[in-house]
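What follows is one structure encoded as structure tokens, with my remarks underneath.
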Amino acid sequence: MIERDRIEEAGWIIANAKYGVVFTGAGISAESGIPTFRGEDGLWKKYDPEEVASIWGFRRNPRAFWEFSFELRNKLFAEPNPAHYAIAELERMGIVKAVITQNVDTLHQRAGSRRVLELHGSMTKLDCLDCRKEYDWSDFVENFERREVPRCKACGSWYVKPRVVLFGEPLPMDVLEQAVEEARSADVFIVVGSSLVVYPAAELPYIAKSCGAKMILVNAEPTVADHIFDVRIYGRAGEILPRIVEVVKSLKQNS
Ligand code: NAD
Ligand code: ZN
């Protein structure tokens, strides 16, 4: 099947759906300038995840975590891309009921999506692990600009941690439960920009599939779970999703 046919097929499935759920990973934000972890140009080619993105790494050496985060600082300034806007549009049309994301960049919300389940937390809030004081990103903007490790303004601790889920930390249970519920309810489940290797998040497409959802994949390259998808489209999310939404709109207008 050529790509245009697959886009038409995905559009047809989505236009006929009553309960769409979208599941996204780092790949959807790649075109906003935020590097992914895996895949070509992935950060794991440069950094050791054990060192920079685990809770024990953070405890051992917060500086290593922060150096890595400074590299990702685009997150703070990045803008949503057409893929994020296309998903928000599907929600406005009443088709998509929830976005489950592994991303911590808040770009879905900024593109207008309202029901967003952040499985891995977000970068917008921070906590001091010693005295529990809560912070907002805006409190540490200067640190970011100067590449200085943030320090608790109340107790002086170096352990000020963004509310993101690091390796070795549990997922927020309430968010995970809601995500499982959404996956069970979906009649179409659309995966965008995820390698589907990070668990337990990667369990969700299997749950949706086993509960009868039609499965659509939009990713730059094949994933380990390709066999569970009815429609697979390989390419850039920012180009493909708006084309799918166009198909959905034209089918809706003609029905
Ligand atoms: P991943 O890095 O493991 O995989 C990303 C996938 O996206 C790859 O398969 C790649 O081929 C694909 N991709 C790259 N560019 C694309 C594009 N333009 N269009 C479509 N697909 C594209 O990402 P993951 O599955 O989300 O798992 C990694 C973990 O990293 C997650 O837990 C997430 O929290 C975290 N992470 C988040 C961000 C972010 O917030 N933007 C960025 C990096 C990593
Ligand atoms: Zn403190």
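Residue numbers start at 1 in each chain; chains themselves are named A, B, ... in the order of the structure tokens; ligands are numbered from 1 in the order shown.
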
**Message:** Show me which residues line ligand 1, defined as having an atom within 6 Å of a ligand atom where only C-alpha atoms and all ligand atoms count, and present them as a list of chain:residue names.
**Reply:** A:Gly25, A:Ala26, A:Gly27, A:Ile28, A:Ser29, A:Ala30, A:Glu31, A:Ile34, A:Pro35, A:Thr36, A:Phe37, A:Arg38, A:Gly39, A:Gln102, A:Asn103, A:Val104, A:Asp105, A:His120, A:Gly193, A:Ser194, A:Ser195, A:Leu196, A:Val198, A:Asn219, A:Ala220, A:Glu221, A:Gly235, A:Arg236, A:Ala237

Output file for the residues above (C-alpha atoms, as a PDB file, in the first residue's frame):
```pdb
ATOM      1  CA  GLY A  25       6.357   9.703  22.803  1.00  0.00           C
ATOM      2  CA  ALA A  26       9.403  11.858  22.262  1.00  0.00           C
ATOM      3  CA  GLY A  27       9.135  11.538  18.461  1.00  0.00           C
ATOM      4  CA  ILE A  28       6.129  13.864  18.292  1.00  0.00           C
ATOM      5  CA  SER A  29       8.247  16.687  19.710  1.00  0.00           C
ATOM      6  CA  ALA A  30      11.289  16.025  17.508  1.00  0.00           C
ATOM      7  CA  GLU A  31      10.066  18.526  14.912  1.00  0.00           C
ATOM      8  CA  ILE A  34      13.546  18.502  21.204  1.00  0.00           C
ATOM      9  CA  PRO A  35      15.839  15.518  20.744  1.00  0.00           C
ATOM     10  CA  THR A  36      14.473  12.002  21.316  1.00  0.00           C
ATOM     11  CA  PHE A  37      16.208   9.413  23.469  1.00  0.00           C
ATOM     12  CA  ARG A  38      16.336   6.589  20.939  1.00  0.00           C
ATOM     13  CA  GLY A  39      16.389   6.431  17.170  1.00  0.00           C
ATOM     14  CA  GLN A 102       5.306  10.013  27.823  1.00  0.00           C
ATOM     15  CA  ASN A 103       6.641  13.506  27.182  1.00  0.00           C
ATOM     16  CA  VAL A 104       7.428  16.037  29.852  1.00  0.00           C
ATOM     17  CA  ASP A 105       7.404  19.099  27.591  1.00  0.00           C
ATOM     18  CA  HIS A 120       6.171  10.679  33.148  1.00  0.00           C
ATOM     19  CA  GLY A 193       6.477   8.997  17.868  1.00  0.00           C
ATOM     20  CA  SER A 194       7.264   6.298  20.387  1.00  0.00           C
ATOM     21  CA  SER A 195       9.750   3.447  20.206  1.00  0.00           C
ATOM     22  CA  LEU A 196       7.396   1.498  22.530  1.00  0.00           C
ATOM     23  CA  VAL A 198       9.717   2.033  27.880  1.00  0.00           C
ATOM     24  CA  ASN A 219       6.447   6.775  13.634  1.00  0.00           C
ATOM     25  CA  ALA A 220       9.686   7.614  11.877  1.00  0.00           C
ATOM     26  CA  GLU A 221      10.776   3.974  11.908  1.00  0.00           C
ATOM     27  CA  GLY A 235       7.435   9.260   8.472  1.00  0.00           C
ATOM     28  CA  ARG A 236       7.405  12.616  10.207  1.00  0.00           C
ATOM     29  CA  ALA A 237       4.469  13.135  12.535  1.00  0.00           C
TER      30      ALA A 237
END
```

Region 75-92 of chain A: which residues within 6 Å, counting only C-alpha atoms, same-chain residues fewer than 5 positions away excluded, as an MDAnalysis selection string? chainID A and resid 32 105 107:108 111:113 237:238 241:242

Selected residues, all heavy atoms, written as a tab-separated table (two decimals), in the first residue's frame, please.
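Just written: part-v4.tsv:
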```
chain	number	residue	atom	x	y	z
A	32	SER	N	9.74	19.86	16.93
A	32	SER	CA	9.77	21.11	17.69
A	32	SER	C	11.19	21.41	18.15
A	32	SER	O	11.43	22.38	18.87
A	32	SER	CB	8.86	21.01	18.92
A	32	SER	OG	7.51	20.88	18.54
A	105	ASP	N	7.16	17.76	28.14
A	105	ASP	CA	7.40	19.10	27.59
A	105	ASP	C	6.17	20.00	27.54
A	105	ASP	O	6.28	21.16	27.13
A	105	ASP	CB	8.02	18.97	26.19
A	105	ASP	CG	7.17	18.12	25.24
A	105	ASP	OD1	5.93	18.06	25.43
A	105	ASP	OD2	7.74	17.50	24.32
A	107	LEU	N	3.86	20.29	25.51
A	107	LEU	CA	3.51	20.87	24.20
A	107	LEU	C	2.08	20.51	23.78
A	107	LEU	O	1.45	21.27	23.04
A	107	LEU	CB	4.51	20.43	23.13
A	107	LEU	CG	5.92	21.00	23.30
A	107	LEU	CD1	6.82	20.59	22.14
A	107	LEU	CD2	5.90	22.52	23.41
A	108	HIS	N	1.56	19.37	24.24
A	108	HIS	CA	0.17	19.05	23.90
A	108	HIS	C	-0.78	20.11	24.48
A	108	HIS	O	-1.66	20.62	23.79
A	108	HIS	CB	-0.23	17.68	24.45
A	108	HIS	CG	0.33	16.54	23.67
A	108	HIS	ND1	-0.01	16.32	22.36
A	108	HIS	CD2	1.20	15.56	24.00
A	108	HIS	CE1	0.62	15.24	21.91
A	108	HIS	NE2	1.37	14.77	22.89
A	111	ALA	N	-0.67	23.26	22.67
A	111	ALA	CA	-1.31	23.23	21.35
A	111	ALA	C	-2.84	23.21	21.47
A	111	ALA	O	-3.53	23.27	20.46
A	111	ALA	CB	-0.85	21.99	20.59
A	112	GLY	N	-3.35	23.10	22.69
A	112	GLY	CA	-4.80	23.16	22.86
A	112	GLY	C	-5.46	21.86	23.31
A	112	GLY	O	-6.68	21.83	23.51
A	113	SER	N	-4.70	20.80	23.48
A	113	SER	CA	-5.31	19.56	23.99
A	113	SER	C	-5.71	19.78	25.44
A	113	SER	O	-4.94	20.36	26.21
A	113	SER	CB	-4.32	18.38	23.91
A	113	SER	OG	-4.15	17.98	22.58
A	237	ALA	N	5.80	12.91	11.98
A	237	ALA	CA	4.47	13.13	12.54
A	237	ALA	C	3.89	14.49	12.12
A	237	ALA	O	2.70	14.61	11.84
A	237	ALA	CB	4.53	13.04	14.06
A	238	GLY	N	4.75	15.51	12.05
A	238	GLY	CA	4.29	16.86	11.74
A	238	GLY	C	3.77	16.99	10.31
A	238	GLY	O	3.05	17.93	9.99
A	241	LEU	N	0.25	13.75	10.39
A	241	LEU	CA	-0.99	13.94	11.16
A	241	LEU	C	-1.90	15.01	10.56
A	241	LEU	O	-3.12	14.80	10.46
A	241	LEU	CB	-0.69	14.22	12.63
A	241	LEU	CG	-0.28	12.96	13.41
A	241	LEU	CD1	0.12	13.32	14.83
A	241	LEU	CD2	-1.39	11.94	13.45
A	242	PRO	N	-1.36	16.16	10.12
A	242	PRO	CA	-2.27	17.13	9.49
A	242	PRO	C	-2.94	16.55	8.24
A	242	PRO	O	-4.11	16.85	7.97
A	242	PRO	CB	-1.34	18.30	9.12
A	242	PRO	CG	-0.19	18.19	10.07
A	242	PRO	CD	0.01	16.71	10.29
```

(request) Pick out the residues no farther than 10 Å from ligand 2, counting only C-alpha atoms and all ligand atoms, and list them as a list in words. (result) Asp127, Cys128, Leu129, Asp130, Cys131, Arg132, Lys133, Glu134, Arg151, Cys152, Lys153, Ala154, Cys155, Gly156, Ser157, Trp158, Tyr159 and Val160 of chain A

What separates CA of Leu119 (chain A) and CA of Asp48 (chain A) is a distance of 22.1 Å

(request) Using DSSP on the backbone coordinates, identify all residues within region 42-179 of chain A classified as alpha helix (DSSP H); present the result as a PyMOL selection string. (result) chain A and resi 49-52+55-60+62-71+74-77+82-92+107-111+141-146+173-179

Residue selection dump (C-alpha atoms) as an mmCIF file, in the first residue's frame:
```
data_model
loop_
_atom_site.group_PDB
_atom_site.id
_atom_site.type_symbol
_atom_site.label_atom_id
_atom_site.label_comp_id
_atom_site.auth_asym_id
_atom_site.auth_seq_id
_atom_site.Cartn_x
_atom_site.Cartn_y
_atom_site.Cartn_z
ATOM 1 C CA PRO A 49 20.845 7.013 30.922
ATOM 2 C CA GLU A 50 21.933 5.368 34.188
ATOM 3 C CA GLU A 51 23.988 8.418 35.002
ATOM 4 C CA VAL A 52 21.781 11.280 33.838
ATOM 5 C CA ILE A 55 16.906 8.603 40.482
ATOM 6 C CA TRP A 56 20.079 6.990 41.844
ATOM 7 C CA GLY A 57 22.159 8.943 39.302
ATOM 8 C CA PHE A 58 20.435 12.138 40.464
ATOM 9 C CA ARG A 59 21.096 11.260 44.102
ATOM 10 C CA ARG A 60 24.743 10.510 43.339
ATOM 11 C CA PRO A 62 22.696 16.097 40.506
ATOM 12 C CA ARG A 63 25.126 18.016 38.298
ATOM 13 C CA ALA A 64 25.221 15.212 35.692
ATOM 14 C CA PHE A 65 21.416 15.261 35.552
ATOM 15 C CA TRP A 66 21.403 19.039 35.179
ATOM 16 C CA GLU A 67 24.077 19.110 32.490
ATOM 17 C CA PHE A 68 21.868 16.740 30.532
ATOM 18 C CA SER A 69 18.790 18.881 31.195
ATOM 19 C CA PHE A 70 20.606 22.016 30.067
ATOM 20 C CA GLU A 71 21.164 20.257 26.773
ATOM 21 C CA ASN A 74 14.887 23.776 24.337
ATOM 22 C CA LYS A 75 12.026 22.087 26.150
ATOM 23 C CA LEU A 76 11.363 25.329 27.911
ATOM 24 C CA PHE A 77 11.323 27.384 24.758
ATOM 25 C CA PRO A 82 1.639 20.688 13.405
ATOM 26 C CA ALA A 83 1.397 17.176 14.901
ATOM 27 C CA HIS A 84 0.442 18.544 18.335
ATOM 28 C CA TYR A 85 -2.079 20.920 16.716
ATOM 29 C CA ALA A 86 -3.600 18.124 14.619
ATOM 30 C CA ILE A 87 -4.265 16.062 17.756
ATOM 31 C CA ALA A 88 -5.842 19.046 19.522
ATOM 32 C CA GLU A 89 -8.049 19.527 16.459
ATOM 33 C CA LEU A 90 -9.259 15.913 16.661
ATOM 34 C CA GLU A 91 -10.210 16.537 20.287
ATOM 35 C CA ARG A 92 -12.166 19.676 19.318
ATOM 36 C CA LEU A 107 3.509 20.869 24.196
ATOM 37 C CA HIS A 108 0.165 19.051 23.900
ATOM 38 C CA GLN A 109 -1.459 21.411 26.379
ATOM 39 C CA ARG A 110 0.115 24.394 24.672
ATOM 40 C CA ALA A 111 -1.307 23.228 21.352
ATOM 41 C CA VAL A 141 15.168 30.532 34.675
ATOM 42 C CA GLU A 142 18.452 32.294 35.408
ATOM 43 C CA ASN A 143 20.072 29.027 36.456
ATOM 44 C CA PHE A 144 19.105 27.629 33.110
ATOM 45 C CA GLU A 145 20.525 30.531 31.216
ATOM 46 C CA ARG A 146 23.823 30.316 33.106
ATOM 47 C CA MET A 173 -0.370 5.686 40.023
ATOM 48 C CA ASP A 174 -3.511 7.786 39.538
ATOM 49 C CA VAL A 175 -2.370 8.911 36.076
ATOM 50 C CA LEU A 176 -1.453 5.363 35.080
ATOM 51 C CA GLU A 177 -4.846 4.083 36.216
ATOM 52 C CA GLN A 178 -6.649 6.712 34.167
ATOM 53 C CA ALA A 179 -4.474 5.883 31.162
#
```

key: DSSP strand (DSSP E) residues within region 61-250 of chain A, as an NGL selection string   = :A and (96-101 or 116-118 or 121-128 or 134-136 or 160-164 or 188-192 or 214-219 or 231-234)

Using N, CA, C and O atoms, can you write the selected residues to a file as a compact mmCIF listing (two decimals), in the first residue's frame?
```
# COMPACT_ATOMS: atom_id res chain seq x y z
N VAL A 96 -11.18 12.58 19.51
CA VAL A 96 -10.16 12.17 20.49
C VAL A 96 -10.63 12.58 21.89
O VAL A 96 -11.00 13.72 22.13
N LYS A 97 -10.63 11.60 22.78
CA LYS A 97 -11.11 11.86 24.15
C LYS A 97 -9.96 12.07 25.13
O LYS A 97 -10.15 12.64 26.20
N ALA A 98 -8.78 11.55 24.80
CA ALA A 98 -7.65 11.72 25.72
C ALA A 98 -6.34 11.57 24.97
O ALA A 98 -6.25 10.83 23.99
N VAL A 99 -5.34 12.30 25.46
CA VAL A 99 -3.97 12.12 24.96
C VAL A 99 -3.16 11.59 26.14
O VAL A 99 -3.13 12.19 27.21
N ILE A 100 -2.55 10.45 25.92
CA ILE A 100 -1.65 9.88 26.93
C ILE A 100 -0.24 10.15 26.43
O ILE A 100 0.11 9.73 25.32
N THR A 101 0.56 10.86 27.20
CA THR A 101 1.89 11.18 26.69
C THR A 101 2.99 10.72 27.65
O THR A 101 2.81 10.72 28.87
N VAL A 116 -4.99 15.67 28.92
CA VAL A 116 -3.65 15.14 28.69
C VAL A 116 -3.19 14.39 29.95
O VAL A 116 -3.18 14.97 31.04
N LEU A 117 -2.86 13.13 29.79
CA LEU A 117 -2.37 12.34 30.91
C LEU A 117 -0.85 12.22 30.77
O LEU A 117 -0.35 11.60 29.83
N GLU A 118 -0.14 12.83 31.69
CA GLU A 118 1.33 12.86 31.61
C GLU A 118 1.91 11.72 32.43
O GLU A 118 2.07 11.81 33.64
N GLY A 121 5.22 12.67 34.14
CA GLY A 121 5.29 13.96 34.81
C GLY A 121 5.61 15.09 33.85
O GLY A 121 5.45 14.93 32.63
N SER A 122 6.05 16.23 34.38
CA SER A 122 6.41 17.34 33.50
C SER A 122 7.50 18.18 34.15
O SER A 122 7.78 18.06 35.35
N MET A 123 8.10 19.02 33.33
CA MET A 123 9.24 19.82 33.79
C MET A 123 8.78 21.11 34.48
O MET A 123 9.63 21.89 34.91
N THR A 124 7.48 21.35 34.55
CA THR A 124 7.04 22.68 34.97
C THR A 124 7.15 22.93 36.48
O THR A 124 7.21 24.05 36.91
N LYS A 125 7.14 21.86 37.26
CA LYS A 125 7.23 22.03 38.72
C LYS A 125 8.46 21.27 39.23
O LYS A 125 8.86 20.26 38.65
N LEU A 126 9.03 21.78 40.33
CA LEU A 126 10.18 21.12 40.94
C LEU A 126 9.95 21.01 42.45
O LEU A 126 9.18 21.80 43.02
N ASP A 127 10.61 20.04 43.05
CA ASP A 127 10.53 19.89 44.51
C ASP A 127 11.94 19.77 45.09
O ASP A 127 12.79 19.10 44.49
N CYS A 128 12.12 20.35 46.27
CA CYS A 128 13.36 20.09 47.00
C CYS A 128 13.19 18.74 47.69
O CYS A 128 12.24 18.55 48.47
N GLU A 134 8.25 23.53 47.21
CA GLU A 134 7.85 23.39 45.80
C GLU A 134 8.28 24.62 45.01
O GLU A 134 8.19 25.74 45.52
N TYR A 135 8.69 24.39 43.78
CA TYR A 135 9.10 25.49 42.92
C TYR A 135 8.44 25.39 41.55
O TYR A 135 7.99 24.33 41.15
N ASP A 136 8.45 26.53 40.88
CA ASP A 136 8.00 26.61 39.51
C ASP A 136 9.22 26.83 38.62
O ASP A 136 10.22 27.37 39.10
N VAL A 160 17.25 19.65 44.14
CA VAL A 160 15.98 20.21 43.65
C VAL A 160 15.67 19.48 42.35
O VAL A 160 16.42 19.56 41.39
N LYS A 161 14.56 18.75 42.36
CA LYS A 161 14.30 17.83 41.24
C LYS A 161 13.00 18.18 40.52
O LYS A 161 11.97 18.36 41.16
N PRO A 162 13.06 18.30 39.19
CA PRO A 162 11.80 18.50 38.45
C PRO A 162 10.87 17.32 38.66
O PRO A 162 11.33 16.20 38.89
N ARG A 163 9.58 17.58 38.56
CA ARG A 163 8.59 16.51 38.77
C ARG A 163 8.47 15.63 37.54
O ARG A 163 7.40 15.52 36.93
N VAL A 164 9.58 15.05 37.13
CA VAL A 164 9.56 14.10 36.02
C VAL A 164 9.91 12.74 36.60
O VAL A 164 10.58 12.65 37.62
N VAL A 188 -10.41 3.58 18.75
CA VAL A 188 -9.20 3.72 17.92
C VAL A 188 -8.10 4.24 18.82
O VAL A 188 -8.32 5.13 19.66
N PHE A 189 -6.92 3.66 18.67
CA PHE A 189 -5.77 4.02 19.51
C PHE A 189 -4.63 4.39 18.58
O PHE A 189 -4.20 3.60 17.74
N ILE A 190 -4.19 5.64 18.68
CA ILE A 190 -3.22 6.17 17.71
C ILE A 190 -1.89 6.42 18.43
O ILE A 190 -1.83 7.23 19.35
N VAL A 191 -0.87 5.72 18.01
CA VAL A 191 0.46 5.89 18.61
C VAL A 191 1.29 6.80 17.71
O VAL A 191 1.38 6.57 16.51
N VAL A 192 1.89 7.81 18.31
CA VAL A 192 2.69 8.76 17.53
C VAL A 192 4.07 8.97 18.18
O VAL A 192 4.16 9.40 19.33
N LYS A 214 -9.09 -0.34 17.13
CA LYS A 214 -8.33 -0.30 15.88
C LYS A 214 -7.02 0.42 16.19
O LYS A 214 -7.03 1.42 16.92
N MET A 215 -5.93 -0.05 15.63
CA MET A 215 -4.62 0.46 16.02
C MET A 215 -3.93 1.15 14.85
O MET A 215 -3.79 0.58 13.77
N ILE A 216 -3.49 2.40 15.12
CA ILE A 216 -2.78 3.17 14.07
C ILE A 216 -1.43 3.62 14.62
O ILE A 216 -1.35 4.12 15.76
N LEU A 217 -0.38 3.46 13.83
CA LEU A 217 0.96 3.88 14.23
C LEU A 217 1.50 4.93 13.27
O LEU A 217 1.45 4.75 12.05
N VAL A 218 1.99 6.04 13.81
CA VAL A 218 2.72 7.03 13.01
C VAL A 218 4.08 7.21 13.68
O VAL A 218 4.18 7.75 14.77
N ASN A 219 5.11 6.71 13.03
CA ASN A 219 6.45 6.77 13.63
C ASN A 219 7.50 6.86 12.53
O ASN A 219 7.28 6.39 11.42
N VAL A 231 -2.86 -0.16 10.89
CA VAL A 231 -2.30 0.75 9.88
C VAL A 231 -0.98 1.30 10.43
O VAL A 231 -0.95 1.82 11.55
N ARG A 232 0.07 1.19 9.64
CA ARG A 232 1.40 1.70 10.06
C ARG A 232 1.85 2.72 9.03
O ARG A 232 1.89 2.42 7.83
N ILE A 233 2.16 3.92 9.51
CA ILE A 233 2.64 4.95 8.58
C ILE A 233 4.00 5.42 9.10
O ILE A 233 4.10 5.91 10.23
N TYR A 234 5.03 5.25 8.28
CA TYR A 234 6.37 5.64 8.71
C TYR A 234 6.72 6.99 8.11
O TYR A 234 6.63 7.17 6.88
```

Shortest interatomic distance to Ala17 (chain A) - which of A:Pro200, A:Arg115, A:Ile244, A:Asp187, counting only C-alpha atoms: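 Ranked by minimum distance to Ala17 (chain A), first place goes to A:Asp187.
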
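Pairwise distance (CA of Phe167 (chain A), CA of Val224 (chain A)) equals 20.3 Å.
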
CA of Trp12 (chain A) sits from CA of Gly212 (chain A) at a separation of 17.0 Å
